[in-house]
file data.cif (mmCIF, C-alpha atoms)
data_protein
loop_
_atom_site.group_PDB
_atom_site.id
_atom_site.type_symbol
_atom_site.label_atom_id
_atom_site.label_comp_id
_atom_site.auth_asym_id
_atom_site.auth_seq_id
_atom_site.Cartn_x
_atom_site.Cartn_y
_atom_site.Cartn_z
ATOM 1 C CA MET A 634 42.374 166.117 207.004
ATOM 2 C CA ASP A 635 44.656 169.132 207.232
ATOM 3 C CA GLY A 636 44.745 171.797 204.552
ATOM 4 C CA GLN A 637 41.727 170.369 202.693
ATOM 5 C CA ALA A 638 39.036 172.709 201.489
ATOM 6 C CA ALA A 639 35.570 172.098 202.927
ATOM 7 C CA THR A 640 34.278 171.054 199.514
ATOM 8 C CA ALA A 641 36.870 168.284 199.272
ATOM 9 C CA ASP A 642 35.396 166.670 202.374
ATOM 10 C CA PRO A 643 32.616 164.357 201.171
ATOM 11 C CA GLN A 644 30.906 164.467 204.543
ATOM 12 C CA LEU A 645 30.618 168.252 204.465
ATOM 13 C CA GLN A 646 29.742 168.185 200.776
ATOM 14 C CA HIS A 647 26.836 165.877 201.463
ATOM 15 C CA PHE A 648 25.775 167.956 204.443
ATOM 16 C CA ILE A 649 25.755 171.126 202.318
ATOM 17 C CA GLU A 650 23.624 169.413 199.667
ATOM 18 C CA ILE A 651 21.081 168.184 202.191
ATOM 19 C CA GLU A 652 20.854 171.479 204.055
ATOM 20 C CA SER A 653 20.550 173.451 200.815
ATOM 21 C CA GLN A 654 17.687 171.244 199.740
ATOM 22 C CA LYS A 655 15.994 171.684 203.120
ATOM 23 C CA GLN A 656 16.395 175.450 202.848
ATOM 24 C CA ARG A 657 14.858 175.585 199.378
ATOM 25 C CA PHE A 658 11.876 173.727 200.810
ATOM 26 C CA GLN A 659 11.609 176.052 203.814
ATOM 27 C CA GLN A 660 11.837 179.160 201.655
ATOM 28 C CA LEU A 661 9.014 177.990 199.433
ATOM 29 C CA VAL A 662 6.856 177.191 202.449
ATOM 30 C CA HIS A 663 7.449 180.731 203.747
ATOM 31 C CA GLN A 664 6.617 182.188 200.353
ATOM 32 C CA MET A 665 3.500 180.093 199.729
ATOM 33 C CA THR A 666 2.187 180.676 203.243
ATOM 34 C CA GLU A 667 2.444 184.405 202.657
ATOM 35 C CA VAL A 668 0.826 184.333 199.228
ATOM 36 C CA CYS A 669 -1.922 181.925 200.251
ATOM 37 C CA TRP A 670 -2.666 183.872 203.425
ATOM 38 C CA GLU A 671 -3.588 186.817 201.235
ATOM 39 C CA LYS A 672 -5.866 184.640 199.128
ATOM 40 C CA CYS A 673 -7.462 182.465 201.782
ATOM 41 C CA MET A 674 -7.572 184.216 205.147
ATOM 42 C CA ASP A 675 -10.389 186.597 205.961
ATOM 43 C CA LYS A 676 -10.533 187.356 209.652
ATOM 44 C CA PRO A 677 -8.362 185.160 211.908
ATOM 45 C CA GLY A 678 -10.686 183.104 214.109
ATOM 46 C CA PRO A 679 -10.244 180.710 217.031
ATOM 47 C CA LYS A 680 -9.327 177.918 214.632
ATOM 48 C CA LEU A 681 -8.636 177.156 210.971
ATOM 49 C CA ASP A 682 -12.024 176.098 209.578
ATOM 50 C CA SER A 683 -12.181 173.408 206.923
ATOM 51 C CA ARG A 684 -13.048 175.790 204.095
ATOM 52 C CA THR A 685 -9.992 177.933 204.805
ATOM 53 C CA GLU A 686 -7.795 174.862 205.189
ATOM 54 C CA THR A 687 -9.009 173.550 201.829
ATOM 55 C CA CYS A 688 -8.192 176.915 200.299
ATOM 56 C CA PHE A 689 -4.622 176.682 201.561
ATOM 57 C CA VAL A 690 -4.242 173.135 200.214
ATOM 58 C CA ASN A 691 -5.591 174.157 196.811
ATOM 59 C CA CYS A 692 -3.447 177.250 196.829
ATOM 60 C CA VAL A 693 -0.248 175.252 197.318
ATOM 61 C CA GLU A 694 -1.156 172.761 194.598
ATOM 62 C CA ARG A 695 -2.113 175.507 192.114
ATOM 63 C CA PHE A 696 1.018 177.468 192.912
ATOM 64 C CA ILE A 697 3.172 174.469 192.039
ATOM 65 C CA ASP A 698 1.051 173.810 188.937
ATOM 66 C CA THR A 699 1.596 177.416 187.878
ATOM 67 C CA SER A 700 5.337 177.117 188.387
ATOM 68 C CA GLN A 701 5.484 173.944 186.304
ATOM 69 C CA PHE A 702 3.243 175.432 183.613
ATOM 70 C CA ILE A 703 5.524 178.432 183.273
ATOM 71 C CA LEU A 704 8.639 176.270 183.016
ATOM 72 C CA ASN A 705 7.062 173.945 180.455
ATOM 73 C CA ARG A 706 5.715 176.738 178.287
ATOM 74 C CA LEU A 707 9.018 178.598 178.404
ATOM 75 C CA GLU A 708 10.781 175.457 177.293
ATOM 76 C CA GLN A 709 8.325 174.985 174.416
ATOM 77 C CA THR A 710 8.642 178.598 173.332
ATOM 78 C CA GLN A 711 12.413 178.401 173.334
ATOM 79 C CA ARG A 712 12.450 175.192 171.344
ATOM 80 C CA SER A 713 9.998 176.235 168.633
ATOM 81 C CA ARG A 714 10.868 179.886 168.065
ATOM 82 C CA GLY A 715 14.266 180.360 169.637
ATOM 83 C CA ALA A 716 13.377 184.059 169.891
ATOM 84 C CA PHE A 717 13.588 184.016 173.667
ATOM 85 C CA SER A 718 17.019 182.445 173.705
ATOM 86 C CA GLU A 719 18.254 185.113 171.289
ATOM 87 C CA THR A 720 17.245 187.931 173.597
ATOM 88 C CA MET A 721 18.810 186.082 176.510
ATOM 89 C CA SER A 722 22.200 185.439 174.908
ATOM 90 C CA ASP A 723 24.392 188.539 174.745
ATOM 91 C CA MET B 1148 40.767 178.355 228.091
ATOM 92 C CA ASP B 1149 37.246 179.352 229.242
ATOM 93 C CA GLY B 1150 34.116 177.455 228.154
ATOM 94 C CA PHE B 1151 33.383 179.656 225.165
ATOM 95 C CA GLY B 1152 36.948 179.851 223.965
ATOM 96 C CA SER B 1153 37.554 176.108 224.153
ATOM 97 C CA ASP B 1154 35.020 175.464 221.373
ATOM 98 C CA PHE B 1155 37.147 177.447 218.999
ATOM 99 C CA SER B 1156 40.580 176.465 220.289
ATOM 100 C CA ALA B 1157 42.998 174.838 217.880
ATOM 101 C CA GLY B 1158 42.990 171.081 218.055
ATOM 102 C CA ALA B 1159 45.833 168.737 217.270
ATOM 103 C CA SER B 1160 44.997 169.022 213.554
ATOM 104 C CA GLY B 1161 46.214 172.622 213.569
ATOM 105 C CA GLY B 1162 43.263 174.981 213.926
ATOM 106 C CA LYS B 1163 40.439 173.142 212.129
ATOM 107 C CA MET B 1164 37.151 172.543 213.952
ATOM 108 C CA ASP B 1165 35.863 169.030 213.445
ATOM 109 C CA PRO B 1166 33.171 168.732 210.778
ATOM 110 C CA GLY B 1167 30.608 167.517 213.294
ATOM 111 C CA THR B 1168 30.828 170.733 215.293
ATOM 112 C CA ILE B 1169 30.670 172.872 212.150
ATOM 113 C CA MET B 1170 27.587 171.010 210.949
ATOM 114 C CA GLU B 1171 25.810 171.376 214.273
ATOM 115 C CA GLN B 1172 26.529 175.080 214.419
ATOM 116 C CA VAL B 1173 25.358 175.607 210.854
ATOM 117 C CA LYS B 1174 22.136 173.744 211.622
ATOM 118 C CA VAL B 1175 21.505 176.013 214.593
ATOM 119 C CA GLN B 1176 22.142 179.127 212.523
ATOM 120 C CA ILE B 1177 19.780 177.901 209.828
ATOM 121 C CA ALA B 1178 17.071 177.193 212.402
ATOM 122 C CA VAL B 1179 17.478 180.675 213.863
ATOM 123 C CA ALA B 1180 17.261 182.258 210.405
ATOM 124 C CA ASN B 1181 14.071 180.325 209.647
ATOM 125 C CA ALA B 1182 12.490 181.354 212.936
ATOM 126 C CA GLN B 1183 13.333 184.981 212.206
ATOM 127 C CA GLU B 1184 11.825 184.752 208.745
ATOM 128 C CA LEU B 1185 8.647 183.222 210.132
ATOM 129 C CA LEU B 1186 8.363 185.888 212.818
ATOM 130 C CA GLN B 1187 8.932 188.700 210.348
ATOM 131 C CA ARG B 1188 6.203 187.534 207.963
ATOM 132 C CA MET B 1189 3.808 186.724 210.809
ATOM 133 C CA THR B 1190 4.267 190.182 212.294
ATOM 134 C CA ASP B 1191 3.641 191.778 208.917
ATOM 135 C CA LYS B 1192 0.458 189.794 208.236
ATOM 136 C CA CYS B 1193 -0.994 190.158 211.719
ATOM 137 C CA PHE B 1194 -0.299 193.848 211.862
ATOM 138 C CA LYS B 1195 -2.195 194.235 208.609
ATOM 139 C CA LYS B 1196 -5.128 192.123 209.827
ATOM 140 C CA CYS B 1197 -5.459 193.430 213.355
ATOM 141 C CA ILE B 1198 -4.364 197.028 213.544
ATOM 142 C CA GLY B 1199 -6.634 199.564 211.928
ATOM 143 C CA LYS B 1200 -5.751 203.105 212.643
ATOM 144 C CA PRO B 1201 -2.781 202.933 215.039
ATOM 145 C CA GLY B 1202 -3.720 204.326 218.438
ATOM 146 C CA SER B 1203 -1.543 205.310 221.338
ATOM 147 C CA THR B 1204 -1.507 201.746 222.698
ATOM 148 C CA LEU B 1205 -2.353 198.200 221.631
ATOM 149 C CA ASP B 1206 -5.871 197.801 223.039
ATOM 150 C CA ASN B 1207 -7.372 194.517 224.309
ATOM 151 C CA SER B 1208 -9.213 193.614 221.116
ATOM 152 C CA GLU B 1209 -6.086 194.244 219.068
ATOM 153 C CA GLN B 1210 -4.035 192.034 221.389
ATOM 154 C CA LYS B 1211 -6.607 189.233 221.210
ATOM 155 C CA CYS B 1212 -6.674 189.518 217.438
ATOM 156 C CA ILE B 1213 -2.890 189.335 217.216
ATOM 157 C CA ALA B 1214 -2.812 186.270 219.481
ATOM 158 C CA MET B 1215 -5.401 184.462 217.342
ATOM 159 C CA CYS B 1216 -3.680 185.596 214.179
ATOM 160 C CA MET B 1217 -0.368 184.136 215.346
ATOM 161 C CA ASP B 1218 -1.979 180.751 215.984
ATOM 162 C CA ARG B 1219 -3.769 180.798 212.637
ATOM 163 C CA TYR B 1220 -0.578 181.760 210.835
ATOM 164 C CA MET B 1221 1.174 178.767 212.402
ATOM 165 C CA ASP B 1222 -1.768 176.542 211.375
ATOM 166 C CA ALA B 1223 -1.486 177.906 207.846
ATOM 167 C CA TRP B 1224 2.278 177.412 207.778
ATOM 168 C CA ASN B 1225 1.925 173.807 208.920
ATOM 169 C CA THR B 1226 -0.809 173.109 206.369
ATOM 170 C CA VAL B 1227 1.323 174.552 203.571
ATOM 171 C CA SER B 1228 4.349 172.564 204.728
ATOM 172 C CA ARG B 1229 2.378 169.295 204.860
ATOM 173 C CA THR B 1230 0.722 169.881 201.482
ATOM 174 C CA TYR B 1231 3.969 170.845 199.786
ATOM 175 C CA ASN B 1232 5.727 167.813 201.254
ATOM 176 C CA SER B 1233 2.977 165.464 200.025
ATOM 177 C CA ARG B 1234 3.114 167.021 196.584
ATOM 178 C CA LEU B 1235 6.883 166.555 196.394
ATOM 179 C CA GLN B 1236 6.503 162.897 197.371
ATOM 180 C CA LYS B 1237 3.867 162.438 194.688
ATOM 181 C CA GLU B 1238 6.129 164.044 192.079
ATOM 182 C CA ARG B 1239 9.065 161.846 193.071
ATOM 183 C CA ALA B 1240 6.915 158.722 192.846
ATOM 184 C CA HIS B 1241 6.191 159.533 189.201
ATOM 185 C CA MET B 1242 9.790 159.993 188.140
#
call {"tool": "encode", "arguments": {"input": "data.cif", "output": "structure tokens"}}
result
Amino acid sequence: MDGQAATADPQLQHFIEIESQKQRFQQLVHQMTEVCWEKCMDKPGPKLDSRTETCFVNCVERFIDTSQFILNRLEQTQRSRGAFSETMSD
Amino acid sequence: MDGFGSDFSAGASGGKMDPGTIMEQVKVQIAVANAQELLQRMTDKCFKKCIGKPGSTLDNSEQKCIAMCMDRYMDAWNTVSRTYNSRLQKERAHM
């Protein structure tokens, strides 16, 4: 175990993978909470009423849908025209 | 060889901390960073919602608003976290 880089240690490697994944999740939750707060929250009340809660749920689902839509369409555009990949490669 | 120093003292392996300790410390640092991020965004949102024209102090209604806002922000955060987690599980089930 002496002189080995951290990445050569499979235990640490695995740990880094897991923690990175957890962080990506956390970051998206932070981001979506912020975005959806703007869309769904009027005046903060004594509790989260069901209409507001539904808005947050929908907001998260639509946000992910939007992200997937963008990725899919980008992929299609690149495949059919190749114009995008030309501008990207230099 | 005080309490703080002994965590970082060289072991028999020649100066390397054991992976378990490193992992625990990293986890703590990550948790702290997440808490800070949450607090920063919460402060931003609740300031926007609750403070109109800034006065010379935070009056009672503003304080009550901020307190409610904090709780609602946490509710929102938890809802988003739950929903996102469910969605991820659904996506994985279809792979």
call {"tool": "closest_residue", "arguments": {"input": "data.cif", "among": "B:Lys1174, B:Arg1219, B:Lys1237, B:Lys1200", "to": "Lys680 of chain A", "atoms": "only C-alpha atoms"}}
result
B:Arg1219
call {"tool": "resolve_selection", "arguments": {"input": "data.cif", "expression": "the PyMOL selection byres ((chain A and resi 659) around 12)", "output": "number ranges by chain"}}
result
A: 652-658, 660-666; B: 1177-1178, 1180-1182, 1184-1185, 1224-1225, 1227-1229, 1231-1232
call {"tool": "residues_around", "arguments": {"input": "data.cif", "residues": "Cys1216 of chain B", "least_positions_apart": "5", "cutoff": "8 Å", "atoms": "only C-alpha atoms", "output": "tab-separated table (two decimals) with C-alpha atoms, keeping the file's coordinate frame"}}
result
chain	number	residue	atom	x	y	z
A	677	PRO	CA	-8.36	185.16	211.91
A	678	GLY	CA	-10.69	183.10	214.11
B	1193	CYS	CA	-0.99	190.16	211.72
B	1196	LYS	CA	-5.13	192.12	209.83
call {"tool": "atom_distance", "arguments": {"input": "data.cif", "atom1": "atom CA of Asp675 of chain A", "atom2": "atom CA of Tyr1220 of chain B"}}
result
12.0 Å
call {"tool": "axis_aligned_box", "arguments": {"input": "data.cif", "around": "segment 687-700 of chain A", "padding_each_side": "4 Å", "output": "AutoDock Vina command-line options"}}
result
--center_x -1.8 --center_y 175.1 --center_z 194.9 --size_x 22.3 --size_y 12.7 --size_z 22.0
call {"tool": "residues_around", "arguments": {"input": "data.cif", "residues": "Arg684 of chain A", "least_positions_apart": "6", "cutoff": "12 Å", "atoms": "all atoms listed in the file", "output": "compact mmCIF listing (two decimals) with C-alpha atoms, in the coordinates of the input"}}
result
# COMPACT_ATOMS: atom_id res chain seq x y z
CA CYS A 673 -7.46 182.46 201.78
CA MET A 674 -7.57 184.22 205.15
CA ASP A 675 -10.39 186.60 205.96
CA VAL A 690 -4.24 173.14 200.21
CA ASN A 691 -5.59 174.16 196.81
call {"tool": "build_atoms", "arguments": {"input": "data.cif", "residues": "segment 1186-1209 of chain B", "atoms": "N, CA, C and O atoms", "output": "PDB file, keeping the file's coordinate frame"}}
result
ATOM      1  N   LEU B1186       8.816 184.813 211.938  1.00  0.00           N
ATOM      2  CA  LEU B1186       8.363 185.888 212.818  1.00  0.00           C
ATOM      3  C   LEU B1186       8.127 187.182 212.048  1.00  0.00           C
ATOM      4  O   LEU B1186       7.142 187.896 212.277  1.00  0.00           O
ATOM      5  N   GLN B1187       9.026 187.473 211.123  1.00  0.00           N
ATOM      6  CA  GLN B1187       8.932 188.700 210.348  1.00  0.00           C
ATOM      7  C   GLN B1187       7.649 188.713 209.504  1.00  0.00           C
ATOM      8  O   GLN B1187       6.910 189.689 209.489  1.00  0.00           O
ATOM      9  N   ARG B1188       7.380 187.598 208.822  1.00  0.00           N
ATOM     10  CA  ARG B1188       6.203 187.534 207.963  1.00  0.00           C
ATOM     11  C   ARG B1188       4.918 187.507 208.784  1.00  0.00           C
ATOM     12  O   ARG B1188       3.907 188.110 208.404  1.00  0.00           O
ATOM     13  N   MET B1189       4.964 186.804 209.915  1.00  0.00           N
ATOM     14  CA  MET B1189       3.808 186.724 210.809  1.00  0.00           C
ATOM     15  C   MET B1189       3.455 188.112 211.342  1.00  0.00           C
ATOM     16  O   MET B1189       2.293 188.516 211.365  1.00  0.00           O
ATOM     17  N   THR B1190       4.483 188.834 211.766  1.00  0.00           N
ATOM     18  CA  THR B1190       4.267 190.182 212.294  1.00  0.00           C
ATOM     19  C   THR B1190       3.628 191.073 211.233  1.00  0.00           C
ATOM     20  O   THR B1190       2.674 191.803 211.508  1.00  0.00           O
ATOM     21  N   ASP B1191       4.157 190.974 210.019  1.00  0.00           N
ATOM     22  CA  ASP B1191       3.641 191.778 208.917  1.00  0.00           C
ATOM     23  C   ASP B1191       2.162 191.476 208.669  1.00  0.00           C
ATOM     24  O   ASP B1191       1.332 192.392 208.602  1.00  0.00           O
ATOM     25  N   LYS B1192       1.833 190.184 208.543  1.00  0.00           N
ATOM     26  CA  LYS B1192       0.458 189.794 208.236  1.00  0.00           C
ATOM     27  C   LYS B1192      -0.494 190.159 209.364  1.00  0.00           C
ATOM     28  O   LYS B1192      -1.610 190.626 209.132  1.00  0.00           O
ATOM     29  N   CYS B1193      -0.097 189.919 210.591  1.00  0.00           N
ATOM     30  CA  CYS B1193      -0.994 190.158 211.719  1.00  0.00           C
ATOM     31  C   CYS B1193      -1.165 191.637 212.018  1.00  0.00           C
ATOM     32  O   CYS B1193      -2.223 192.067 212.470  1.00  0.00           O
ATOM     33  N   PHE B1194      -0.142 192.398 211.739  1.00  0.00           N
ATOM     34  CA  PHE B1194      -0.299 193.848 211.862  1.00  0.00           C
ATOM     35  C   PHE B1194      -1.341 194.330 210.868  1.00  0.00           C
ATOM     36  O   PHE B1194      -2.236 195.111 211.222  1.00  0.00           O
ATOM     37  N   LYS B1195      -1.248 193.837 209.651  1.00  0.00           N
ATOM     38  CA  LYS B1195      -2.195 194.235 208.609  1.00  0.00           C
ATOM     39  C   LYS B1195      -3.620 193.833 208.960  1.00  0.00           C
ATOM     40  O   LYS B1195      -4.559 194.586 208.721  1.00  0.00           O
ATOM     41  N   LYS B1196      -3.782 192.624 209.524  1.00  0.00           N
ATOM     42  CA  LYS B1196      -5.128 192.123 209.827  1.00  0.00           C
ATOM     43  C   LYS B1196      -5.746 192.774 211.059  1.00  0.00           C
ATOM     44  O   LYS B1196      -6.957 192.919 211.152  1.00  0.00           O
ATOM     45  N   CYS B1197      -4.927 193.103 212.025  1.00  0.00           N
ATOM     46  CA  CYS B1197      -5.459 193.430 213.355  1.00  0.00           C
ATOM     47  C   CYS B1197      -5.409 194.896 213.755  1.00  0.00           C
ATOM     48  O   CYS B1197      -6.158 195.324 214.631  1.00  0.00           O
ATOM     49  N   ILE B1198      -4.491 195.625 213.148  1.00  0.00           N
ATOM     50  CA  ILE B1198      -4.364 197.028 213.544  1.00  0.00           C
ATOM     51  C   ILE B1198      -4.981 197.912 212.475  1.00  0.00           C
ATOM     52  O   ILE B1198      -4.534 197.914 211.331  1.00  0.00           O
ATOM     53  N   GLY B1199      -6.003 198.644 212.858  1.00  0.00           N
ATOM     54  CA  GLY B1199      -6.634 199.564 211.928  1.00  0.00           C
ATOM     55  C   GLY B1199      -5.860 200.856 211.933  1.00  0.00           C
ATOM     56  O   GLY B1199      -4.726 200.942 211.460  1.00  0.00           O
ATOM     57  N   LYS B1200      -6.477 201.854 212.514  1.00  0.00           N
ATOM     58  CA  LYS B1200      -5.751 203.105 212.643  1.00  0.00           C
ATOM     59  C   LYS B1200      -4.940 203.029 213.934  1.00  0.00           C
ATOM     60  O   LYS B1200      -5.510 202.861 214.997  1.00  0.00           O
ATOM     61  N   PRO B1201      -3.620 203.119 213.845  1.00  0.00           N
ATOM     62  CA  PRO B1201      -2.781 202.933 215.039  1.00  0.00           C
ATOM     63  C   PRO B1201      -3.090 203.964 216.111  1.00  0.00           C
ATOM     64  O   PRO B1201      -3.049 205.175 215.868  1.00  0.00           O
ATOM     65  N   GLY B1202      -3.442 203.441 217.321  1.00  0.00           N
ATOM     66  CA  GLY B1202      -3.720 204.326 218.438  1.00  0.00           C
ATOM     67  C   GLY B1202      -2.473 204.547 219.271  1.00  0.00           C
ATOM     68  O   GLY B1202      -1.364 204.255 218.844  1.00  0.00           O
ATOM     69  N   SER B1203      -2.688 205.020 220.478  1.00  0.00           N
ATOM     70  CA  SER B1203      -1.543 205.310 221.338  1.00  0.00           C
ATOM     71  C   SER B1203      -1.068 204.075 222.089  1.00  0.00           C
ATOM     72  O   SER B1203       0.029 204.052 222.631  1.00  0.00           O
ATOM     73  N   THR B1204      -1.917 203.037 222.133  1.00  0.00           N
ATOM     74  CA  THR B1204      -1.507 201.746 222.698  1.00  0.00           C
ATOM     75  C   THR B1204      -2.142 200.622 221.888  1.00  0.00           C
ATOM     76  O   THR B1204      -3.000 200.871 221.048  1.00  0.00           O
ATOM     77  N   LEU B1205      -1.723 199.388 222.215  1.00  0.00           N
ATOM     78  CA  LEU B1205      -2.353 198.200 221.631  1.00  0.00           C
ATOM     79  C   LEU B1205      -3.518 197.832 222.552  1.00  0.00           C
ATOM     80  O   LEU B1205      -3.304 197.344 223.658  1.00  0.00           O
ATOM     81  N   ASP B1206      -4.767 198.084 222.123  1.00  0.00           N
ATOM     82  CA  ASP B1206      -5.871 197.801 223.039  1.00  0.00           C
ATOM     83  C   ASP B1206      -6.162 196.303 223.126  1.00  0.00           C
ATOM     84  O   ASP B1206      -5.583 195.496 222.390  1.00  0.00           O
ATOM     85  N   ASN B1207      -7.090 195.933 224.029  1.00  0.00           N
ATOM     86  CA  ASN B1207      -7.372 194.517 224.309  1.00  0.00           C
ATOM     87  C   ASN B1207      -7.817 193.744 223.079  1.00  0.00           C
ATOM     88  O   ASN B1207      -7.372 192.618 222.845  1.00  0.00           O
ATOM     89  N   SER B1208      -8.714 194.329 222.291  1.00  0.00           N
ATOM     90  CA  SER B1208      -9.213 193.614 221.116  1.00  0.00           C
ATOM     91  C   SER B1208      -8.091 193.394 220.107  1.00  0.00           C
ATOM     92  O   SER B1208      -8.027 192.347 219.464  1.00  0.00           O
ATOM     93  N   GLU B1209      -7.215 194.391 219.983  1.00  0.00           N
ATOM     94  CA  GLU B1209      -6.086 194.244 219.068  1.00  0.00           C
ATOM     95  C   GLU B1209      -5.150 193.123 219.528  1.00  0.00           C
ATOM     96  O   GLU B1209      -4.693 192.307 218.729  1.00  0.00           O
TER      97      GLU B1209
END
